[in-house]
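Have a look at the structure below before the remarks.
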Amino acid sequence: IAELLGTAQYHGNLCNTYIITEEYRKNDSCYHGCATYILNPNIRLVSHTDIPVDKSDKRFVIDSSITYQGKDFHVINLHLEAKARKEETKIILNHLNDNDGRVIVCGDLNSFGADEGQDVDSDLRKVMTDVWDKLEGGRAVTSYGSQWWYKNFPENPHTLKIESRESNYPDGNLDYFFCKNITPLSIKSLSEPVPYLSDHLALVAEFNIQGNPA
């Protein structure tokens, strides 16, 4: 991906094995990981830290220290495990306690946020700004429900997985941008997923690193 994007500034961490086969469809064996890429040559990746959050599948959260026009900030990129997300979020919050600077947290929380105050998005919202909620209000739709997959991609591996589990779930908000000591400018959700690459919609956000937080 870095080669396609034309950048040498990136860091990623992956675990488990990804093979789209019948075994994959049965066992849901796939890559779980994150990667942060920097495309603007004026933005410099200074260092990065891999924060272990789940020993069972060696899942990590990536904390990248970045500088732009004399301003330093951190981007914490994550992909939480659905069943362990509460415990994993506690580790992230402990890490955030040690950072009083500019921070962006982004990624897949695997949190539908259906029970206000009970899921991990609410935990992060206590100490950071939920960018979508601040700029657009409410919650973004970043994952279509089971009926959308049955209708549009009946043979897709994700659809077959839904069918095998006899799942039925609505559209949801699994992906988020949070920020601290940074002013968010805009955020949008791309309207369609790329069905053979992800079952999520991409979120795109812009921030003002130079200005004071709004």
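Naming works like this for the structure tokens: A, B, ... for the chains as they're shown, residue 1 at the start of each chain, ligands 1 onward in shown order.
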
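Neighbours of Ala202 of chain A closer than or equal to 7 Å, with only C-alpha atoms counted and sequence neighbours fewer than 3 positions away skipped, come out as Thr142, Ser189 and Leu190 of chain A.
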
List every residue of segment 94-174 of chain A that has an atom at most 8 Å from any atom of segment 61-73 of chain A, giving for each one its closest atom pair and the distance in Å to one decimal, counting only C-alpha atoms, sorted by chain and then by ascending residue number, as CSV.
```
residue,atom,partner,partner_atom,distance
A:Gly101,CA,A:Phe73,CA,6.7
A:Arg102,CA,A:Phe73,CA,4.7
A:Val103,CA,A:Phe73,CA,5.7
A:Ile104,CA,A:Phe73,CA,7.8
```

Within 10 Å of Ile51 of chain A using only C-alpha atoms, minus same-chain residues under 5 positions, as an NGL selection string
:A and (59-63 or 76 or 78 or 91-92 or 95)

Write the residues of the preceding selection, restricted to all heavy atoms, as a PDB file, in the first residue's frame.
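This is the output file again-v3.pdb:
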```
ATOM      1  N   ARG A  59      -2.882  -8.355  19.297  1.00  0.00           N
ATOM      2  CA  ARG A  59      -3.426  -7.125  18.723  1.00  0.00           C
ATOM      3  C   ARG A  59      -2.743  -5.912  19.346  1.00  0.00           C
ATOM      4  O   ARG A  59      -2.521  -5.865  20.553  1.00  0.00           O
ATOM      5  CB  ARG A  59      -4.938  -7.071  18.967  1.00  0.00           C
ATOM      6  CG  ARG A  59      -5.667  -6.027  18.153  1.00  0.00           C
ATOM      7  CD  ARG A  59      -7.153  -6.127  18.426  1.00  0.00           C
ATOM      8  NE  ARG A  59      -7.697  -7.395  17.985  1.00  0.00           N
ATOM      9  CZ  ARG A  59      -8.573  -7.531  17.004  1.00  0.00           C
ATOM     10  NH1 ARG A  59      -8.989  -6.458  16.365  1.00  0.00           N
ATOM     11  NH2 ARG A  59      -9.040  -8.703  16.669  1.00  0.00           N
ATOM     12  N   PHE A  60      -2.412  -4.932  18.496  1.00  0.00           N
ATOM     13  CA  PHE A  60      -1.731  -3.728  18.951  1.00  0.00           C
ATOM     14  C   PHE A  60      -2.502  -2.486  18.512  1.00  0.00           C
ATOM     15  O   PHE A  60      -3.237  -2.506  17.529  1.00  0.00           O
ATOM     16  CB  PHE A  60      -0.315  -3.638  18.371  1.00  0.00           C
ATOM     17  CG  PHE A  60       0.645  -4.653  18.915  1.00  0.00           C
ATOM     18  CD1 PHE A  60       0.687  -5.934  18.393  1.00  0.00           C
ATOM     19  CD2 PHE A  60       1.504  -4.327  19.946  1.00  0.00           C
ATOM     20  CE1 PHE A  60       1.576  -6.871  18.878  1.00  0.00           C
ATOM     21  CE2 PHE A  60       2.405  -5.261  20.443  1.00  0.00           C
ATOM     22  CZ  PHE A  60       2.436  -6.539  19.907  1.00  0.00           C
ATOM     23  N   VAL A  61      -2.292  -1.411  19.262  1.00  0.00           N
ATOM     24  CA  VAL A  61      -2.717  -0.074  18.864  1.00  0.00           C
ATOM     25  C   VAL A  61      -1.449   0.698  18.508  1.00  0.00           C
ATOM     26  O   VAL A  61      -0.430   0.580  19.189  1.00  0.00           O
ATOM     27  CB  VAL A  61      -3.481   0.624  20.011  1.00  0.00           C
ATOM     28  CG1 VAL A  61      -3.662   2.101  19.722  1.00  0.00           C
ATOM     29  CG2 VAL A  61      -4.823  -0.048  20.232  1.00  0.00           C
ATOM     30  N   ILE A  62      -1.504   1.473  17.434  1.00  0.00           N
ATOM     31  CA  ILE A  62      -0.331   2.217  16.971  1.00  0.00           C
ATOM     32  C   ILE A  62      -0.433   3.673  17.415  1.00  0.00           C
ATOM     33  O   ILE A  62      -1.420   4.351  17.133  1.00  0.00           O
ATOM     34  CB  ILE A  62      -0.215   2.163  15.437  1.00  0.00           C
ATOM     35  CG1 ILE A  62       0.010   0.733  14.959  1.00  0.00           C
ATOM     36  CG2 ILE A  62       0.911   3.058  14.946  1.00  0.00           C
ATOM     37  CD1 ILE A  62      -0.047   0.602  13.452  1.00  0.00           C
ATOM     38  N   ASP A  63       0.581   4.148  18.103  1.00  0.00           N
ATOM     39  CA  ASP A  63       0.683   5.558  18.485  1.00  0.00           C
ATOM     40  C   ASP A  63       1.833   6.162  17.691  1.00  0.00           C
ATOM     41  O   ASP A  63       3.002   5.851  17.931  1.00  0.00           O
ATOM     42  CB  ASP A  63       0.931   5.680  19.986  1.00  0.00           C
ATOM     43  CG  ASP A  63       1.003   7.145  20.441  1.00  0.00           C
ATOM     44  OD1 ASP A  63       0.974   8.043  19.585  1.00  0.00           O
ATOM     45  OD2 ASP A  63       1.091   7.372  21.660  1.00  0.00           O
ATOM     46  N   ILE A  76      -3.321   8.053  17.158  1.00  0.00           N
ATOM     47  CA  ILE A  76      -3.468   6.707  17.716  1.00  0.00           C
ATOM     48  C   ILE A  76      -4.475   5.958  16.855  1.00  0.00           C
ATOM     49  O   ILE A  76      -5.649   6.285  16.816  1.00  0.00           O
ATOM     50  CB  ILE A  76      -3.919   6.763  19.190  1.00  0.00           C
ATOM     51  CG1 ILE A  76      -2.843   7.486  20.021  1.00  0.00           C
ATOM     52  CG2 ILE A  76      -4.177   5.365  19.722  1.00  0.00           C
ATOM     53  CD1 ILE A  76      -3.207   7.646  21.480  1.00  0.00           C
ATOM     54  N   LEU A  78      -6.333   2.426  15.724  1.00  0.00           N
ATOM     55  CA  LEU A  78      -6.705   1.211  16.457  1.00  0.00           C
ATOM     56  C   LEU A  78      -7.729   0.357  15.706  1.00  0.00           C
ATOM     57  O   LEU A  78      -8.420   0.818  14.817  1.00  0.00           O
ATOM     58  CB  LEU A  78      -7.270   1.590  17.836  1.00  0.00           C
ATOM     59  CG  LEU A  78      -8.396   2.636  17.887  1.00  0.00           C
ATOM     60  CD1 LEU A  78      -9.747   2.019  17.621  1.00  0.00           C
ATOM     61  CD2 LEU A  78      -8.394   3.337  19.238  1.00  0.00           C
ATOM     62  N   ILE A  91      -6.853   0.225  28.469  1.00  0.00           N
ATOM     63  CA  ILE A  91      -5.417   0.348  28.208  1.00  0.00           C
ATOM     64  C   ILE A  91      -5.133   1.627  27.433  1.00  0.00           C
ATOM     65  O   ILE A  91      -4.175   2.355  27.719  1.00  0.00           O
ATOM     66  CB  ILE A  91      -4.914  -0.888  27.440  1.00  0.00           C
ATOM     67  CG1 ILE A  91      -5.074  -2.146  28.304  1.00  0.00           C
ATOM     68  CG2 ILE A  91      -3.458  -0.716  27.013  1.00  0.00           C
ATOM     69  CD1 ILE A  91      -4.768  -3.441  27.580  1.00  0.00           C
ATOM     70  N   ILE A  92      -5.984   1.932  26.446  1.00  0.00           N
ATOM     71  CA  ILE A  92      -5.815   3.145  25.649  1.00  0.00           C
ATOM     72  C   ILE A  92      -6.009   4.387  26.518  1.00  0.00           C
ATOM     73  O   ILE A  92      -5.246   5.353  26.422  1.00  0.00           O
ATOM     74  CB  ILE A  92      -6.804   3.144  24.476  1.00  0.00           C
ATOM     75  CG1 ILE A  92      -6.489   1.983  23.525  1.00  0.00           C
ATOM     76  CG2 ILE A  92      -6.754   4.468  23.722  1.00  0.00           C
ATOM     77  CD1 ILE A  92      -7.574   1.706  22.529  1.00  0.00           C
ATOM     78  N   HIS A  95      -3.038   5.029  28.545  1.00  0.00           N
ATOM     79  CA  HIS A  95      -1.987   5.600  27.691  1.00  0.00           C
ATOM     80  C   HIS A  95      -2.245   7.082  27.455  1.00  0.00           C
ATOM     81  O   HIS A  95      -1.310   7.891  27.470  1.00  0.00           O
ATOM     82  CB  HIS A  95      -1.944   4.833  26.367  1.00  0.00           C
ATOM     83  CG  HIS A  95      -0.895   5.325  25.421  1.00  0.00           C
ATOM     84  ND1 HIS A  95       0.450   5.055  25.583  1.00  0.00           N
ATOM     85  CD2 HIS A  95      -0.998   6.087  24.299  1.00  0.00           C
ATOM     86  CE1 HIS A  95       1.127   5.626  24.606  1.00  0.00           C
ATOM     87  NE2 HIS A  95       0.280   6.259  23.804  1.00  0.00           N
TER      88      HIS A  95
END
```

Taking the DSSP secondary structure from the backbone, can you list the residues of segment 39-203 of chain A that are alpha helix (DSSP H), as a PyMOL selection string?
chain A and resi 85-97+120-125+131-135+146-152+157-164

Pick out each residue of segment 15-191 of chain A that DSSP on the backbone tags as strand (DSSP E or B); I need them as number ranges by chain.
A: 15, 32-37, 43-54, 59-68, 71-79, 102-108, 129-130, 143, 172, 175-180, 183-189

Within 12 Å of Trp148 of chain A using only C-alpha atoms, minus same-chain residues under 3 positions, as a PyMOL selection string:
chain A and resi 143-145+151-154+156+158-159+162+168-172+192-193+195+199

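Here atom CA of Val204 of chain A and atom CA of Leu93 of chain A stand 23.2 Å from one another.
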
May I ask for the distance between atom CA of Ala2 of chain A and atom CA of Glu206 of chain A, given in Å to one decimal place?
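These atoms are spaced 20.9 Å apart.
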
Calculate how many Å separate atom CA of Ala35 of chain A from atom CA of Asn77 of chain A, rounding to one decimal.
7.3 Å

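Comparing A:Arg165, A:His74, A:Lys90, A:Lys188 by their smallest distance to Arg139 of chain A, the closest is A:Lys188 (using only C-alpha atoms).
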